[in-house]
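Okay, so here's the structure we're looking at.
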Amino acid sequence: VAQEGDVEEPPILPGKPPVVQLQRHSQSGGLAAPRAAWRVQMGLTPRGVDDVGEVTRVDARVQPGKRIDRGAVLLAIEWEGYSISDADELYHTKWESITGTKTLISPFDAEVSGLWQHETISSDSCLIEMIIDRPALQSASGLVDEQAYHEHVRVGPDGIFAPKEPEW
């Protein structure tokens with residue numbers, strides 16, 4: 001668990017494609033000493049992006065300035081895409097239209113400080129920003145470092161829209 005003044009490595013949620021990046025957040029003012037706090041930015045990892053086709057709608061389930069509980073649904077990302085449903089020996093390919101919703105869930109009790117809308121979503125897109133304090137960070141579960149995340153992705157199944165090697 002991070003100590004005050006430490007530089008945070010970005011922990012990542014395994015099996016759930018959001019990426020969580022921590023940055024120190026400064027609080028000032030008032031008579032009491034400020035509590036340690038971090039600014040958390042969340043989006044999708046490259047593996048998470050592989051499970052999302054063309055984004056048709058991002059539905060924010062939270063509002064900036066509001067407190068949320070760990071486990072709260074932050075965003076619902078609706079998408080659509082095409083998948084090969086069948087092919088024959090003459091290379092005739094049949095496509096099927098597929099749709100889905102990917103949800104981002106908060107691993108922390110936090111205060112929402114910002115929401116972003118993007119025309120396209122990539123693994124570089126910040127979708128939501130939150131402020132968390134030390135107790136929230138310490139009570140988070142399921143966070144892993146980058147190395148553990150890459151191992152999880154390596155042994156897990158590919159995403160629906162991941163580039164695939166030809167089967168011939």
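Lettering and numbering for the structure tokens are positional, with chains as A, B, ... in the shown order, residues counted from 1 in each chain, and ligands counted from 1 in the shown order.
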
Applying 12 Å and only C-alpha atoms, which residues near Pro163 (chain A) remain after dropping the ones on its own chain fewer than 6 positions away? List them as a ChimeraX atom specification.
/A:46-47,49-51

Need the shell around region 112-121 of chain A: protein/DNA/RNA residues with any atom at most 6 Å away, counting only C-alpha atoms. Skip same-chain ones fewer than 5 positions apart. Format as a short mmCIF file (atom, residue, chain, number, x, y, z; two decimals) with C-alpha atoms, in the first residue's frame?
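What ended up in out.cif:
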data_model
loop_
_atom_site.label_atom_id
_atom_site.label_comp_id
_atom_site.auth_asym_id
_atom_site.auth_seq_id
_atom_site.Cartn_x
_atom_site.Cartn_y
_atom_site.Cartn_z
CA PRO A 64 -19.02 15.06 -10.92
CA GLY A 65 -18.93 16.29 -7.32
CA LYS A 66 -20.82 13.24 -6.00
CA LEU A 127 -13.13 8.32 -19.20
CA ILE A 128 -13.56 9.28 -15.56
CA GLU A 129 -11.53 10.94 -12.83
CA MET A 130 -12.05 10.48 -9.09
#

Mind checking DSSP for region 22-168 of chain A and telling me the alpha helix (DSSP H) residues as an NGL selection string?
:A and (46-49 or 134-139 or 146-155)

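Considering the residues A:Leu104, A:Ile77, A:Cys126, A:Ala110 and counting only C-alpha atoms, Asp59 (chain A) has its shortest atom-to-atom contact with A:Ile77.
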
Rounded to one decimal, what separation in Å do you get between CA of Pro157 (chain A) and CA of Ser141 (chain A)?
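Separating CA of Pro157 (chain A) from CA of Ser141 (chain A) is a distance of 22.8 Å.
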
Interatomic distance (Å, one decimal) between CA of Ala60 (chain A) and CA of Lys102 (chain A)
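CA of Lys102 (chain A) lies at a distance of 12.1 Å from CA of Ala60 (chain A).
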
Give me the residues near Thr101 (chain A) as a ChimeraX atom specification, where near means some atom within 7 Å (using only C-alpha atoms) and where sequence neighbours in that chain fewer than 3 positions away do not count.
/A:76-79

Quick one: distance from CA of Thr93 (chain A) to CA of Gly81 (chain A) in Å, one decimal?
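Computed distance, CA of Thr93 (chain A) to CA of Gly81 (chain A), equals 15.5 Å.
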
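Among A:Thr56, A:Thr99, A:Ser83, A:Ser106, the residue with the shortest atom-to-atom distance to Val40 (chain A), counting only C-alpha atoms, is A:Ser106.
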
Please report as a tab-separated table every residue of region 72-124 of chain A lying within 8 Å of region 41-45 of chain A, along with the nearest atom pair and their distance in Å (one decimal), using only C-alpha atoms.
residue	atom	partner	partner_atom	distance
A:Ser122	CA	A:Leu44	CA	7.1
A:Ser123	CA	A:Thr45	CA	5.0
A:Asp124	CA	A:Gly43	CA	7.5

Restricting to only C-alpha atoms, whichever of A:Val144, A:Ala162, A:Ala136, A:Val153 is closest to Asp69 (chain A) is A:Ala136
